[in-house]
$ cat final.cif   # mmCIF, N, CA and C atoms
data_work
#
loop_
_atom_site.label_atom_id
_atom_site.label_comp_id
_atom_site.auth_asym_id
_atom_site.auth_seq_id
_atom_site.Cartn_x
_atom_site.Cartn_y
_atom_site.Cartn_z
N MET A 1074 65.58 133.84 148.60
CA MET A 1074 65.30 132.57 149.23
C MET A 1074 64.30 131.79 148.40
N TYR A 1075 63.06 132.30 148.26
CA TYR A 1075 62.06 131.63 147.46
C TYR A 1075 61.83 132.39 146.16
N GLY A 1076 62.78 133.19 145.79
CA GLY A 1076 62.61 133.99 144.59
C GLY A 1076 61.97 135.31 144.90
N GLN A 1077 62.48 136.01 145.87
CA GLN A 1077 61.91 137.28 146.27
C GLN A 1077 61.87 138.26 145.12
N TYR A 1078 60.94 139.19 145.20
CA TYR A 1078 60.81 140.24 144.19
C TYR A 1078 62.11 141.01 144.08
N GLN A 1079 62.61 141.15 142.89
CA GLN A 1079 63.81 141.92 142.64
C GLN A 1079 63.46 143.09 141.73
N PRO A 1080 63.66 144.32 142.19
CA PRO A 1080 63.38 145.45 141.31
C PRO A 1080 64.31 145.43 140.10
N GLN A 1081 63.80 145.87 138.98
CA GLN A 1081 64.58 145.88 137.75
C GLN A 1081 65.27 147.23 137.62
N PHE A 1082 66.61 147.27 137.66
CA PHE A 1082 67.37 148.51 137.52
C PHE A 1082 67.79 148.65 136.07
N THR A 1083 67.09 149.49 135.35
CA THR A 1083 67.41 149.71 133.94
C THR A 1083 67.52 151.20 133.66
N GLY A 1084 67.95 151.93 134.65
CA GLY A 1084 68.07 153.38 134.50
C GLY A 1084 69.18 153.74 133.53
N PRO A 1085 69.27 155.01 133.16
CA PRO A 1085 70.25 155.45 132.16
C PRO A 1085 71.68 155.24 132.62
N GLN A 1086 71.96 155.36 133.93
CA GLN A 1086 73.33 155.19 134.41
C GLN A 1086 73.79 153.74 134.20
N VAL A 1087 72.91 152.79 134.50
CA VAL A 1087 73.24 151.38 134.33
C VAL A 1087 73.44 151.07 132.85
N ALA A 1088 72.54 151.56 132.02
CA ALA A 1088 72.64 151.29 130.58
C ALA A 1088 73.91 151.89 130.00
N GLN A 1089 74.26 153.11 130.40
CA GLN A 1089 75.47 153.73 129.87
C GLN A 1089 76.72 152.97 130.31
N GLY A 1090 76.74 152.55 131.57
CA GLY A 1090 77.89 151.79 132.06
C GLY A 1090 78.04 150.48 131.33
N MET A 1091 76.95 149.78 131.09
CA MET A 1091 76.99 148.51 130.39
C MET A 1091 77.38 148.72 128.93
N GLN A 1092 76.87 149.81 128.34
CA GLN A 1092 77.16 150.09 126.94
C GLN A 1092 78.65 150.35 126.75
N GLY A 1093 79.25 151.08 127.67
CA GLY A 1093 80.68 151.36 127.58
C GLY A 1093 81.51 150.09 127.71
N MET A 1094 81.06 149.14 128.53
CA MET A 1094 81.81 147.91 128.75
C MET A 1094 81.65 146.93 127.59
N MET A 1095 80.47 146.87 126.99
CA MET A 1095 80.18 145.82 126.02
C MET A 1095 80.05 146.32 124.59
N GLY A 1096 79.88 147.59 124.38
CA GLY A 1096 79.57 148.08 123.06
C GLY A 1096 78.08 147.95 122.82
N MET A 1097 77.57 148.64 121.83
CA MET A 1097 76.13 148.68 121.58
C MET A 1097 75.57 147.33 121.19
N HIS A 1098 76.23 146.58 120.31
CA HIS A 1098 75.69 145.30 119.84
C HIS A 1098 75.71 144.25 120.94
N GLY A 1099 76.77 144.22 121.73
CA GLY A 1099 76.86 143.25 122.83
C GLY A 1099 75.79 143.50 123.88
N MET A 1100 75.50 144.76 124.12
CA MET A 1100 74.50 145.09 125.13
C MET A 1100 73.10 144.71 124.64
N GLN A 1101 72.81 144.94 123.36
CA GLN A 1101 71.49 144.57 122.83
C GLN A 1101 71.30 143.06 122.89
N GLY A 1102 72.33 142.30 122.59
CA GLY A 1102 72.25 140.84 122.67
C GLY A 1102 72.00 140.38 124.09
N MET A 1103 72.67 141.02 125.06
CA MET A 1103 72.49 140.65 126.46
C MET A 1103 71.07 140.97 126.91
N GLN A 1104 70.54 142.13 126.50
CA GLN A 1104 69.17 142.50 126.88
C GLN A 1104 68.16 141.54 126.28
N GLN A 1105 68.36 141.13 125.03
CA GLN A 1105 67.45 140.17 124.41
C GLN A 1105 67.50 138.83 125.14
N GLN A 1106 68.71 138.39 125.52
CA GLN A 1106 68.88 137.14 126.25
C GLN A 1106 68.14 137.22 127.58
N GLN A 1107 68.28 138.34 128.31
CA GLN A 1107 67.62 138.50 129.60
C GLN A 1107 66.11 138.50 129.42
N GLN A 1108 65.60 139.18 128.39
CA GLN A 1108 64.16 139.23 128.16
C GLN A 1108 63.61 137.84 127.83
N GLN A 1109 64.38 137.02 127.12
CA GLN A 1109 63.93 135.68 126.78
C GLN A 1109 63.86 134.80 128.02
N ASN A 1110 64.70 135.05 129.02
CA ASN A 1110 64.72 134.24 130.23
C ASN A 1110 63.69 134.69 131.26
N LYS A 1111 63.04 135.82 131.04
CA LYS A 1111 62.05 136.34 131.99
C LYS A 1111 60.76 135.54 131.87
N ILE A 1112 60.23 135.18 133.01
CA ILE A 1112 58.95 134.50 133.07
C ILE A 1112 58.03 135.42 133.87
N LYS A 1113 57.12 136.08 133.17
CA LYS A 1113 56.25 137.04 133.85
C LYS A 1113 55.03 137.31 133.01
N ASN A 1114 54.05 137.87 133.65
CA ASN A 1114 52.83 138.33 132.99
C ASN A 1114 52.95 139.83 132.75
N PRO A 1115 52.14 140.38 131.85
CA PRO A 1115 52.17 141.84 131.67
C PRO A 1115 51.77 142.52 132.97
N GLN A 1116 52.42 143.62 133.26
CA GLN A 1116 52.15 144.33 134.51
C GLN A 1116 50.78 145.00 134.48
N THR A 1117 50.07 144.85 135.58
CA THR A 1117 48.79 145.52 135.77
C THR A 1117 49.06 146.96 136.16
N ASN A 1118 48.28 147.88 135.63
CA ASN A 1118 48.44 149.28 136.01
C ASN A 1118 48.10 149.45 137.48
N LEU A 1119 48.89 150.25 138.14
CA LEU A 1119 48.65 150.53 139.55
C LEU A 1119 47.64 151.67 139.66
N ALA A 1120 46.83 151.61 140.70
CA ALA A 1120 45.85 152.66 140.92
C ALA A 1120 46.54 154.01 141.15
N GLN A 1121 47.71 153.94 141.79
CA GLN A 1121 48.47 155.16 142.07
C GLN A 1121 49.71 155.15 141.18
N GLY A 1122 50.21 156.31 140.86
CA GLY A 1122 51.41 156.41 140.05
C GLY A 1122 52.65 156.02 140.83
N LYS A 1123 53.75 155.89 140.11
CA LYS A 1123 55.01 155.59 140.78
C LYS A 1123 55.48 156.84 141.50
N GLY A 1124 55.91 156.67 142.69
CA GLY A 1124 56.36 157.79 143.50
C GLY A 1124 56.58 157.32 144.92
N PRO A 1125 56.68 158.24 145.86
CA PRO A 1125 56.95 157.86 147.24
C PRO A 1125 55.75 157.22 147.95
N GLN A 1126 54.55 157.31 147.35
CA GLN A 1126 53.37 156.74 147.99
C GLN A 1126 53.42 155.21 147.90
N ILE A 1127 52.90 154.58 148.94
CA ILE A 1127 52.80 153.12 148.94
C ILE A 1127 51.61 152.73 148.09
N ASN A 1128 51.82 151.81 147.16
CA ASN A 1128 50.75 151.38 146.27
C ASN A 1128 50.43 149.90 146.53
N ASP A 1129 49.52 149.35 145.73
CA ASP A 1129 49.09 147.96 145.91
C ASP A 1129 50.26 146.99 145.78
N ARG A 1130 51.13 147.24 144.83
CA ARG A 1130 52.29 146.36 144.62
C ARG A 1130 53.18 146.36 145.87
N ASP A 1131 53.43 147.53 146.43
CA ASP A 1131 54.25 147.63 147.64
C ASP A 1131 53.61 146.86 148.80
N ASN A 1132 52.30 147.04 148.96
CA ASN A 1132 51.59 146.35 150.04
C ASN A 1132 51.66 144.83 149.87
N LEU A 1133 51.43 144.34 148.65
CA LEU A 1133 51.50 142.90 148.41
C LEU A 1133 52.91 142.37 148.60
N ASN A 1134 53.90 143.12 148.17
CA ASN A 1134 55.29 142.70 148.33
C ASN A 1134 55.64 142.59 149.81
N LEU A 1135 55.20 143.55 150.61
CA LEU A 1135 55.43 143.51 152.04
C LEU A 1135 54.70 142.32 152.69
N ALA A 1136 53.45 142.11 152.30
CA ALA A 1136 52.68 140.98 152.84
C ALA A 1136 53.34 139.65 152.49
N LEU A 1137 53.83 139.52 151.26
CA LEU A 1137 54.49 138.29 150.85
C LEU A 1137 55.77 138.07 151.65
N ALA A 1138 56.55 139.11 151.84
CA ALA A 1138 57.78 138.99 152.63
C ALA A 1138 57.47 138.58 154.07
N GLN A 1139 56.41 139.15 154.64
CA GLN A 1139 56.03 138.80 156.01
C GLN A 1139 55.54 137.35 156.09
N GLU A 1140 54.75 136.92 155.12
CA GLU A 1140 54.26 135.53 155.12
C GLU A 1140 55.42 134.55 154.98
N LYS A 1141 56.40 134.87 154.16
CA LYS A 1141 57.58 134.00 154.03
C LYS A 1141 58.32 133.89 155.36
N TYR A 1142 58.47 135.00 156.04
CA TYR A 1142 59.15 135.03 157.33
C TYR A 1142 58.39 134.19 158.36
N ILE A 1143 57.07 134.40 158.42
CA ILE A 1143 56.25 133.65 159.36
C ILE A 1143 56.29 132.16 159.05
N THR A 1144 56.17 131.80 157.78
CA THR A 1144 56.20 130.39 157.38
C THR A 1144 57.53 129.75 157.75
N ASP A 1145 58.62 130.44 157.52
CA ASP A 1145 59.94 129.90 157.88
C ASP A 1145 60.03 129.63 159.37
N ASN A 1146 59.51 130.54 160.19
CA ASN A 1146 59.58 130.36 161.63
C ASN A 1146 58.62 129.28 162.13
N PHE A 1147 57.43 129.18 161.53
CA PHE A 1147 56.53 128.08 161.90
C PHE A 1147 57.14 126.73 161.54
N ASN A 1148 57.89 126.68 160.47
CA ASN A 1148 58.55 125.44 160.07
C ASN A 1148 59.49 124.97 161.19
N VAL A 1149 60.26 125.88 161.75
CA VAL A 1149 61.15 125.53 162.86
C VAL A 1149 60.32 125.12 164.08
N PHE A 1150 59.28 125.87 164.37
CA PHE A 1150 58.43 125.58 165.53
C PHE A 1150 57.82 124.18 165.41
N VAL A 1151 57.27 123.86 164.26
CA VAL A 1151 56.65 122.54 164.04
C VAL A 1151 57.67 121.42 164.25
N ARG A 1152 58.84 121.63 163.72
CA ARG A 1152 59.88 120.61 163.82
C ARG A 1152 60.29 120.36 165.27
N GLU A 1153 60.24 121.39 166.10
CA GLU A 1153 60.74 121.28 167.46
C GLU A 1153 59.65 121.14 168.52
N ALA A 1154 58.38 121.15 168.12
CA ALA A 1154 57.30 121.01 169.10
C ALA A 1154 57.29 119.59 169.66
N SER A 1155 57.39 119.48 170.98
CA SER A 1155 57.50 118.15 171.59
C SER A 1155 56.15 117.57 172.00
N HIS A 1156 55.16 118.40 172.24
CA HIS A 1156 53.84 117.94 172.66
C HIS A 1156 53.00 117.65 171.42
N ARG A 1157 52.35 116.51 171.39
CA ARG A 1157 51.61 116.06 170.20
C ARG A 1157 50.53 117.07 169.77
N GLN A 1158 49.71 117.54 170.72
CA GLN A 1158 48.62 118.46 170.36
C GLN A 1158 49.19 119.80 169.90
N LEU A 1159 50.24 120.27 170.55
CA LEU A 1159 50.89 121.51 170.13
C LEU A 1159 51.41 121.35 168.70
N HIS A 1160 52.05 120.24 168.43
CA HIS A 1160 52.56 119.98 167.08
C HIS A 1160 51.42 120.00 166.06
N THR A 1161 50.32 119.35 166.38
CA THR A 1161 49.18 119.29 165.47
C THR A 1161 48.61 120.68 165.21
N ASP A 1162 48.44 121.46 166.27
CA ASP A 1162 47.89 122.81 166.12
C ASP A 1162 48.81 123.71 165.30
N VAL A 1163 50.08 123.68 165.61
CA VAL A 1163 51.03 124.54 164.89
C VAL A 1163 51.18 124.06 163.44
N MET A 1164 51.10 122.76 163.22
CA MET A 1164 51.18 122.24 161.85
C MET A 1164 50.01 122.76 161.02
N ARG A 1165 48.82 122.79 161.60
CA ARG A 1165 47.65 123.32 160.89
C ARG A 1165 47.88 124.80 160.53
N ILE A 1166 48.38 125.57 161.49
CA ILE A 1166 48.65 126.99 161.24
C ILE A 1166 49.74 127.14 160.18
N PHE A 1167 50.77 126.30 160.25
CA PHE A 1167 51.85 126.33 159.26
C PHE A 1167 51.31 126.09 157.85
N ILE A 1168 50.45 125.09 157.71
CA ILE A 1168 49.88 124.78 156.39
C ILE A 1168 49.04 125.95 155.87
N GLU A 1169 48.24 126.55 156.75
CA GLU A 1169 47.43 127.71 156.34
C GLU A 1169 48.32 128.88 155.93
N THR A 1170 49.38 129.12 156.69
CA THR A 1170 50.30 130.21 156.40
C THR A 1170 51.02 129.96 155.07
N HIS A 1171 51.41 128.72 154.86
CA HIS A 1171 52.08 128.36 153.61
C HIS A 1171 51.14 128.57 152.42
N ALA A 1172 49.88 128.19 152.58
CA ALA A 1172 48.89 128.39 151.51
C ALA A 1172 48.69 129.88 151.23
N MET A 1173 48.68 130.70 152.27
CA MET A 1173 48.51 132.15 152.08
C MET A 1173 49.72 132.73 151.33
N THR A 1174 50.90 132.25 151.67
CA THR A 1174 52.11 132.69 150.96
C THR A 1174 51.99 132.40 149.48
N ARG A 1175 51.52 131.21 149.16
CA ARG A 1175 51.37 130.81 147.76
C ARG A 1175 50.31 131.67 147.06
N GLU A 1176 49.21 131.97 147.75
CA GLU A 1176 48.17 132.81 147.16
C GLU A 1176 48.71 134.21 146.86
N LEU A 1177 49.48 134.77 147.77
CA LEU A 1177 50.07 136.09 147.54
C LEU A 1177 51.03 136.07 146.37
N PHE A 1178 51.87 135.03 146.30
CA PHE A 1178 52.79 134.89 145.17
C PHE A 1178 52.01 134.81 143.86
N ASN A 1179 50.98 133.96 143.82
CA ASN A 1179 50.20 133.81 142.59
C ASN A 1179 49.54 135.12 142.18
N LEU A 1180 49.02 135.86 143.14
CA LEU A 1180 48.40 137.15 142.84
C LEU A 1180 49.42 138.12 142.25
N MET A 1181 50.59 138.21 142.87
CA MET A 1181 51.62 139.11 142.35
C MET A 1181 52.09 138.67 140.97
N PHE A 1182 52.21 137.37 140.76
CA PHE A 1182 52.65 136.87 139.45
C PHE A 1182 51.59 137.17 138.39
N ARG A 1183 50.31 136.95 138.71
CA ARG A 1183 49.24 137.25 137.75
C ARG A 1183 49.23 138.72 137.35
N LYS A 1184 49.51 139.60 138.31
CA LYS A 1184 49.51 141.04 138.03
C LYS A 1184 50.79 141.51 137.34
N GLY A 1185 51.75 140.61 137.18
CA GLY A 1185 53.01 140.97 136.52
C GLY A 1185 53.99 141.66 137.45
N TRP A 1186 53.78 141.55 138.75
CA TRP A 1186 54.64 142.22 139.73
C TRP A 1186 55.70 141.30 140.30
N TYR A 1187 55.76 140.09 139.83
CA TYR A 1187 56.75 139.12 140.31
C TYR A 1187 57.31 138.43 139.08
N THR A 1188 58.61 138.54 138.90
CA THR A 1188 59.28 138.00 137.72
C THR A 1188 60.20 136.86 138.14
N LEU A 1189 60.20 135.82 137.35
CA LEU A 1189 61.11 134.70 137.58
C LEU A 1189 62.12 134.66 136.44
N GLU A 1190 63.28 134.11 136.73
CA GLU A 1190 64.30 133.94 135.70
C GLU A 1190 64.31 132.49 135.25
N GLY A 1191 64.14 132.26 133.97
CA GLY A 1191 64.28 130.92 133.41
C GLY A 1191 65.76 130.61 133.22
N GLU A 1192 66.12 129.37 133.32
CA GLU A 1192 67.51 128.98 133.16
C GLU A 1192 67.66 128.12 131.91
N GLN A 1193 68.81 128.20 131.29
CA GLN A 1193 69.08 127.42 130.09
C GLN A 1193 69.25 125.95 130.46
N LYS A 1194 68.79 125.06 129.58
CA LYS A 1194 68.85 123.62 129.84
C LYS A 1194 70.28 123.16 130.07
N GLN A 1195 71.24 123.74 129.37
CA GLN A 1195 72.64 123.35 129.51
C GLN A 1195 73.13 123.62 130.93
N LYS A 1196 72.78 124.76 131.50
CA LYS A 1196 73.21 125.08 132.87
C LYS A 1196 72.54 124.16 133.88
N LEU A 1197 71.29 123.82 133.64
CA LEU A 1197 70.61 122.88 134.53
C LEU A 1197 71.28 121.51 134.49
N ALA A 1198 71.64 121.06 133.30
CA ALA A 1198 72.30 119.77 133.16
C ALA A 1198 73.66 119.78 133.85
N GLN A 1199 74.38 120.90 133.74
CA GLN A 1199 75.68 121.01 134.42
C GLN A 1199 75.52 120.94 135.94
N SER A 1200 74.54 121.62 136.47
CA SER A 1200 74.30 121.59 137.92
C SER A 1200 73.89 120.19 138.36
N TYR A 1201 73.07 119.54 137.56
CA TYR A 1201 72.64 118.18 137.89
C TYR A 1201 73.85 117.25 137.95
N GLN A 1202 74.71 117.34 136.95
CA GLN A 1202 75.92 116.49 136.92
C GLN A 1202 76.82 116.79 138.11
N LYS A 1203 76.95 118.05 138.46
CA LYS A 1203 77.82 118.46 139.56
C LYS A 1203 77.39 117.82 140.87
N PHE A 1204 76.08 117.82 141.13
CA PHE A 1204 75.58 117.35 142.42
C PHE A 1204 75.16 115.88 142.41
N GLN A 1205 75.06 115.28 141.27
CA GLN A 1205 74.66 113.88 141.19
C GLN A 1205 75.67 112.99 141.92
N GLY A 1206 76.95 113.32 141.82
CA GLY A 1206 77.99 112.54 142.48
C GLY A 1206 77.90 112.57 144.00
N TYR A 1207 77.23 113.57 144.55
CA TYR A 1207 77.11 113.67 146.00
C TYR A 1207 76.17 112.63 146.58
N SER A 1208 75.31 112.05 145.77
CA SER A 1208 74.30 111.12 146.29
C SER A 1208 74.93 109.89 146.94
N ASN A 1209 76.14 109.54 146.54
CA ASN A 1209 76.78 108.38 147.16
C ASN A 1209 77.26 108.68 148.58
N GLN A 1210 77.20 109.94 148.99
CA GLN A 1210 77.59 110.34 150.33
C GLN A 1210 76.41 110.32 151.31
N PHE A 1211 75.19 110.14 150.79
CA PHE A 1211 74.01 110.13 151.65
C PHE A 1211 74.00 108.86 152.51
N PRO A 1212 73.64 108.99 153.76
CA PRO A 1212 73.46 107.79 154.56
C PRO A 1212 72.21 107.05 154.07
N TYR A 1213 72.25 105.78 154.12
CA TYR A 1213 71.10 104.93 153.71
C TYR A 1213 70.78 105.12 152.25
N SER A 1214 71.75 105.43 151.42
CA SER A 1214 71.47 105.69 150.00
C SER A 1214 70.96 104.46 149.28
N ASN A 1215 71.30 103.26 149.80
CA ASN A 1215 70.81 102.06 149.13
C ASN A 1215 69.32 101.86 149.34
N GLN A 1216 68.70 102.57 150.29
CA GLN A 1216 67.26 102.44 150.54
C GLN A 1216 66.47 103.47 149.73
N MET A 1217 67.14 104.46 149.16
CA MET A 1217 66.44 105.52 148.43
C MET A 1217 66.41 105.19 146.96
N HIS A 1218 65.21 105.14 146.40
CA HIS A 1218 65.07 104.87 144.96
C HIS A 1218 64.10 105.81 144.34
#
$ encode --input "final.cif" --output "structure tokens"
Amino acid sequence: MYGQYQPQFTGPQVAQGMQGMMGMHGMQGMQQQQQQNKIKNPQTNLAQGKGPQINDRDNLNLALAQEKYITDNFNVFVREASHRQLHTDVMRIFIETHAMTRELFNLMFRKGWYTLEGEQKQKLAQSYQKFQGYSNQFPYSNQMH
């Protein structure tokens, strides 16, 4: 939805399957392409090792997922609140919750625990062209500049 954390599956089974499909040179090129599109910081060492124990990364990932869920629901609540004071109060809580979500994201990104995928300019231009034609379907489009 907002770019949730996606674990990186690079185990031997995945690599062997990809290698069989693409050959060694094709797979290396694909891995280099993927690494170039990654937007991330170096990973911070975890206090605990990898294993079944819950570590700081797990806790932050859970907190971020919960904040996203809460923010999404407050957004609906704010939109549908009919009483002015209720709307104002919930809007304040929504803004605080949204800010906390952003802080958690920034913390995870700084620690290298949240990776984003960069997109090629050509693909962005194609998507822009694809949806640009839809703007003539908007109501009141002559008022939007």
$ resolve_selection --input "final.cif" --expression "the PyMOL selection byres ((chain A and resi 1143-1149) around 8)" --output "list of chain:residue names"
A:Leu1137, A:Ala1138, A:Gln1139, A:Glu1140, A:Lys1141, A:Tyr1142, A:Phe1150, A:Val1151, A:Arg1152, A:Glu1153, A:Ala1154, A:Val1163, A:Met1164, A:Ile1166, A:Phe1167, A:Ile1168, A:Thr1170, A:His1171, A:Thr1174
$ atom_distance --input "final.cif" --atom1 "atom CA of Asp1129 of chain A" --atom2 "atom CA of Trp1186 of chain A"
10.1 Å
$ closest_residue --input "final.cif" --among "A:Ser1155, A:Gln1193, A:Asn1132, A:Thr1161" --to "Leu1177 of chain A" --atoms "only C-alpha atoms"
A:Asn1132
$ atom_distance --input "final.cif" --atom1 "atom CA of Lys1113 of chain A" --atom2 "atom CA of Thr1188 of chain A"
5.0 Å
$ atom_distance --input "final.cif" --atom1 "atom C of His1160 of chain A" --atom2 "atom C of Ala1136 of chain A"
24.0 Å
$ resolve_selection --input "final.cif" --expression "the PyMOL selection byres (((chain A and resi 1182-1184 and name CA) around 7) and name CA)" --output "compact mmCIF listing (two decimals) with N, CA and C atoms, in the coordinates of the input"
# COMPACT_ATOMS: atom_id res chain seq x y z
N LYS A 1113 57.12 136.08 133.17
CA LYS A 1113 56.25 137.04 133.85
C LYS A 1113 55.03 137.31 133.01
N ASN A 1114 54.05 137.87 133.65
CA ASN A 1114 52.83 138.33 132.99
C ASN A 1114 52.95 139.83 132.75
N PRO A 1115 52.14 140.38 131.85
CA PRO A 1115 52.17 141.84 131.67
C PRO A 1115 51.77 142.52 132.97
N GLN A 1116 52.42 143.62 133.26
CA GLN A 1116 52.15 144.33 134.51
C GLN A 1116 50.78 145.00 134.48
N THR A 1117 50.07 144.85 135.58
CA THR A 1117 48.79 145.52 135.77
C THR A 1117 49.06 146.96 136.16
N PHE A 1178 51.87 135.03 146.30
CA PHE A 1178 52.79 134.89 145.17
C PHE A 1178 52.01 134.81 143.86
N ASN A 1179 50.98 133.96 143.82
CA ASN A 1179 50.20 133.81 142.59
C ASN A 1179 49.54 135.12 142.18
N LEU A 1180 49.02 135.86 143.14
CA LEU A 1180 48.40 137.15 142.84
C LEU A 1180 49.42 138.12 142.25
N MET A 1181 50.59 138.21 142.87
CA MET A 1181 51.62 139.11 142.35
C MET A 1181 52.09 138.67 140.97
N GLY A 1185 51.75 140.61 137.18
CA GLY A 1185 53.01 140.97 136.52
C GLY A 1185 53.99 141.66 137.45
N TRP A 1186 53.78 141.55 138.75
CA TRP A 1186 54.64 142.22 139.73
C TRP A 1186 55.70 141.30 140.30
N TYR A 1187 55.76 140.09 139.83
CA TYR A 1187 56.75 139.12 140.31
C TYR A 1187 57.31 138.43 139.08
N THR A 1188 58.61 138.54 138.90
CA THR A 1188 59.28 138.00 137.72
C THR A 1188 60.20 136.86 138.14
